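*Asks:* Sharing a structure, written as structure tokens. Questions coming.
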Amino acid sequence: GESVGLHLPTLSVQEGDNSIINCAYSNSASDYFIWYKQESGKGPQFIIDIRSNMDKRQGQRVTVLLNKTVKHLSLQIAATQPGDSAVYFCAEISMNTGFQKLVFGTGTRLLVSP
Amino acid sequence: DSGVTQTPKHLITATGQRVTLRCSPRSGDLSVYWYQQSLDQGLQFLIQYYNGEERAKGNILERFSAQQFPDLHSELNLSSLELGDSALYFCASSALSDQGYTFGSGTRLTVV
């Protein structure tokens, strides 16, 4: 079946460090990927996305890398701040009878120490 | 405020009961999606509606049902509740041509 998984359940970093969160996906037909951030008690919040025709996309302090050969996705957060502490989900969109379907990975908890 | 409104925010009920969760999508969005998130778990897709019609089903139990009304708000009905149904239930919406989903703040259901 389809699945999007994460390698590490928890990542602990020091404030100011760069963080890298990894994700593996299994559906090679997926053409759109999204990273979401979920803070405690809140809904997932869009961070950055990337389409399958791209290898890299940069946002503000965040970069997403896509390696379609090995079906791997990563989120890099530069100069990590305590406010970045949250659970991060990768998600892939696949088409289901003409309509998009968003499939989430398990999530990685990022803990940022001051 | 994401623009997606979910009510109630918290719900505590007993086993065997039935509850209804409500979602108002972002203005202009025709698609509504329901997700279940158990403690420290990922989001499991339950069901999707588009302009009033069911479009996709995920891991939704037969005790659960949903609908989307003409004004595009959606309700998720959970019946014969069990302790294991305790979870966060999220609603998200998107426009047809918009590849992004916008999530609401969720309803925390506790079954005792």
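To be explicit about the labels: the chains of the structure tokens are called A, B, and onward in the order shown, and within each one the residues are counted from 1, while ligands get numbers from 1 in the order they are shown.
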Counting only C-alpha atoms, a student should be able to say which residues of chain A come within 7 Å of chain B; what is the right answer, written as a VMD selection string?

*Replies:* chain A and resid 42 to 44 104 to 107

*Asks:* Write the residues you've just listed into a file as a PDB file, in the first residue's frame, and include N, CA and C atoms for each of them.

*Replies:*
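Listed below is the output, selection01.pdb:
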```
ATOM      1  N   LYS A  42      -2.550  22.361  17.865  1.00  0.00           N
ATOM      2  CA  LYS A  42      -2.945  23.101  16.672  1.00  0.00           C
ATOM      3  C   LYS A  42      -3.004  22.189  15.458  1.00  0.00           C
ATOM      4  N   GLY A  43      -3.603  22.696  14.402  1.00  0.00           N
ATOM      5  CA  GLY A  43      -3.660  21.946  13.162  1.00  0.00           C
ATOM      6  C   GLY A  43      -2.362  22.085  12.386  1.00  0.00           C
ATOM      7  N   PRO A  44      -2.108  21.195  11.452  1.00  0.00           N
ATOM      8  CA  PRO A  44      -0.913  21.284  10.614  1.00  0.00           C
ATOM      9  C   PRO A  44      -0.879  22.603   9.849  1.00  0.00           C
ATOM     10  N   PHE A 104      -0.095  11.507   4.694  1.00  0.00           N
ATOM     11  CA  PHE A 104       0.894  11.998   5.645  1.00  0.00           C
ATOM     12  C   PHE A 104       1.816  10.896   6.127  1.00  0.00           C
ATOM     13  N   GLY A 105       3.033  11.294   6.437  1.00  0.00           N
ATOM     14  CA  GLY A 105       3.946  10.428   7.148  1.00  0.00           C
ATOM     15  C   GLY A 105       3.653  10.464   8.641  1.00  0.00           C
ATOM     16  N   THR A 106       4.413   9.682   9.410  1.00  0.00           N
ATOM     17  CA  THR A 106       4.175   9.567  10.843  1.00  0.00           C
ATOM     18  C   THR A 106       4.537  10.839  11.593  1.00  0.00           C
ATOM     19  N   GLY A 107       5.564  11.534  11.176  1.00  0.00           N
ATOM     20  CA  GLY A 107       5.958  12.765  11.843  1.00  0.00           C
ATOM     21  C   GLY A 107       7.281  12.649  12.562  1.00  0.00           C
TER      22      GLY A 107
END
```

*Asks:* If you count only C-alpha atoms, which residues fall within 10 Å of Thr13 (chain B), apart from same-chain ones fewer than 6 positions away, as a list in words?

*Replies:* Val19, Leu81, Glu82, Leu83, Ser86, Leu109, Thr110, Val111 and Val112 of chain B

*Asks:* Filtering to all heavy atoms, could you give me those residues as a short mmCIF file (atom, residue, chain, number, x, y, z; two decimals), in the first residue's frame?

*Replies:*
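This is the output file result_4.cif:
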```cif
data_model
loop_
_atom_site.label_atom_id
_atom_site.label_comp_id
_atom_site.auth_asym_id
_atom_site.auth_seq_id
_atom_site.Cartn_x
_atom_site.Cartn_y
_atom_site.Cartn_z
N VAL B 19 -21.66 11.41 18.31
CA VAL B 19 -21.33 12.84 18.28
C VAL B 19 -21.24 13.31 16.84
O VAL B 19 -21.06 12.51 15.91
CB VAL B 19 -19.99 13.14 19.00
CG1 VAL B 19 -20.08 12.78 20.48
CG2 VAL B 19 -18.84 12.43 18.33
N LEU B 81 -19.51 5.02 19.97
CA LEU B 81 -18.14 5.41 20.27
C LEU B 81 -17.44 4.44 21.20
O LEU B 81 -18.04 3.90 22.15
CB LEU B 81 -18.10 6.82 20.86
CG LEU B 81 -18.32 7.94 19.83
CD1 LEU B 81 -18.57 9.26 20.52
CD2 LEU B 81 -17.13 8.03 18.89
N GLU B 82 -16.17 4.22 20.92
CA GLU B 82 -15.31 3.36 21.73
C GLU B 82 -14.17 4.20 22.27
O GLU B 82 -13.86 5.28 21.77
CB GLU B 82 -14.79 2.21 20.86
CG GLU B 82 -15.88 1.37 20.23
CD GLU B 82 -15.32 0.32 19.28
OE1 GLU B 82 -14.09 0.28 19.10
OE2 GLU B 82 -16.13 -0.46 18.72
N LEU B 83 -13.52 3.66 23.30
CA LEU B 83 -12.41 4.39 23.91
C LEU B 83 -11.34 4.72 22.87
O LEU B 83 -10.74 5.79 22.89
CB LEU B 83 -11.79 3.57 25.05
CG LEU B 83 -12.68 3.29 26.25
CD1 LEU B 83 -11.94 2.42 27.26
CD2 LEU B 83 -13.13 4.59 26.91
N SER B 86 -11.00 8.06 20.77
CA SER B 86 -10.45 9.30 21.33
C SER B 86 -9.28 9.74 20.46
O SER B 86 -8.32 8.99 20.24
CB SER B 86 -9.97 9.06 22.77
OG SER B 86 -11.05 8.75 23.62
N LEU B 109 -11.60 14.87 20.69
CA LEU B 109 -12.67 14.00 21.20
C LEU B 109 -12.09 13.07 22.25
O LEU B 109 -11.09 12.38 22.00
CB LEU B 109 -13.28 13.18 20.07
CG LEU B 109 -14.27 12.10 20.49
CD1 LEU B 109 -15.53 12.75 21.08
CD2 LEU B 109 -14.64 11.21 19.31
N THR B 110 -12.70 13.06 23.40
CA THR B 110 -12.32 12.15 24.46
C THR B 110 -13.51 11.27 24.79
O THR B 110 -14.58 11.77 25.15
CB THR B 110 -11.87 12.90 25.73
OG1 THR B 110 -10.79 13.78 25.40
CG2 THR B 110 -11.43 11.92 26.81
N VAL B 111 -13.33 9.97 24.66
CA VAL B 111 -14.38 9.01 24.98
C VAL B 111 -14.03 8.35 26.31
O VAL B 111 -12.94 7.80 26.46
CB VAL B 111 -14.53 7.95 23.87
CG1 VAL B 111 -15.68 7.00 24.20
CG2 VAL B 111 -14.77 8.63 22.52
N VAL B 112 -14.95 8.44 27.26
CA VAL B 112 -14.67 7.89 28.60
C VAL B 112 -15.61 6.74 28.93
O VAL B 112 -16.65 6.57 28.28
CB VAL B 112 -14.77 9.00 29.67
CG1 VAL B 112 -13.74 10.07 29.41
CG2 VAL B 112 -16.17 9.59 29.70
#
```

*Asks:* By how many Å are CA of Tyr36 (chain A) and CA of Asn22 (chain A) apart?

*Replies:*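 For CA of Tyr36 (chain A) relative to CA of Asn22 (chain A), the distance reads 12.8 Å.
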
*Asks:* Compile the contact shell of Ile50 (chain A) as a PyMOL selection string: residues with an atom at most 12 Å away, counting only C-alpha atoms, same-chain residues fewer than 3 positions apart removed.

*Replies:* (chain A and resi 30-35+46-47+53-59+63-68+73-75+90-93) or (chain B and resi 99-100)

*Asks:* Nearest to Leu39 (chain B) among B:Leu21, B:Ala95, B:Ala87, B:Leu78, with distances taken over only C-alpha atoms: which residue is it?

*Replies:*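 The answer is B:Ala87, which sits nearest to Leu39 (chain B).
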
*Asks:* Write out as a list in words the residues lying within 7 Å of region 70-77 of chain B, counting only C-alpha atoms and excluding same-chain residues fewer than 3 positions away.

*Replies:* Val19, Thr20, Leu21, Arg22, Cys23, Ser24, Pro25, Leu30, Asn51, Gly52, Phe64, Ser65, Ala66 and Gln67 of chain B
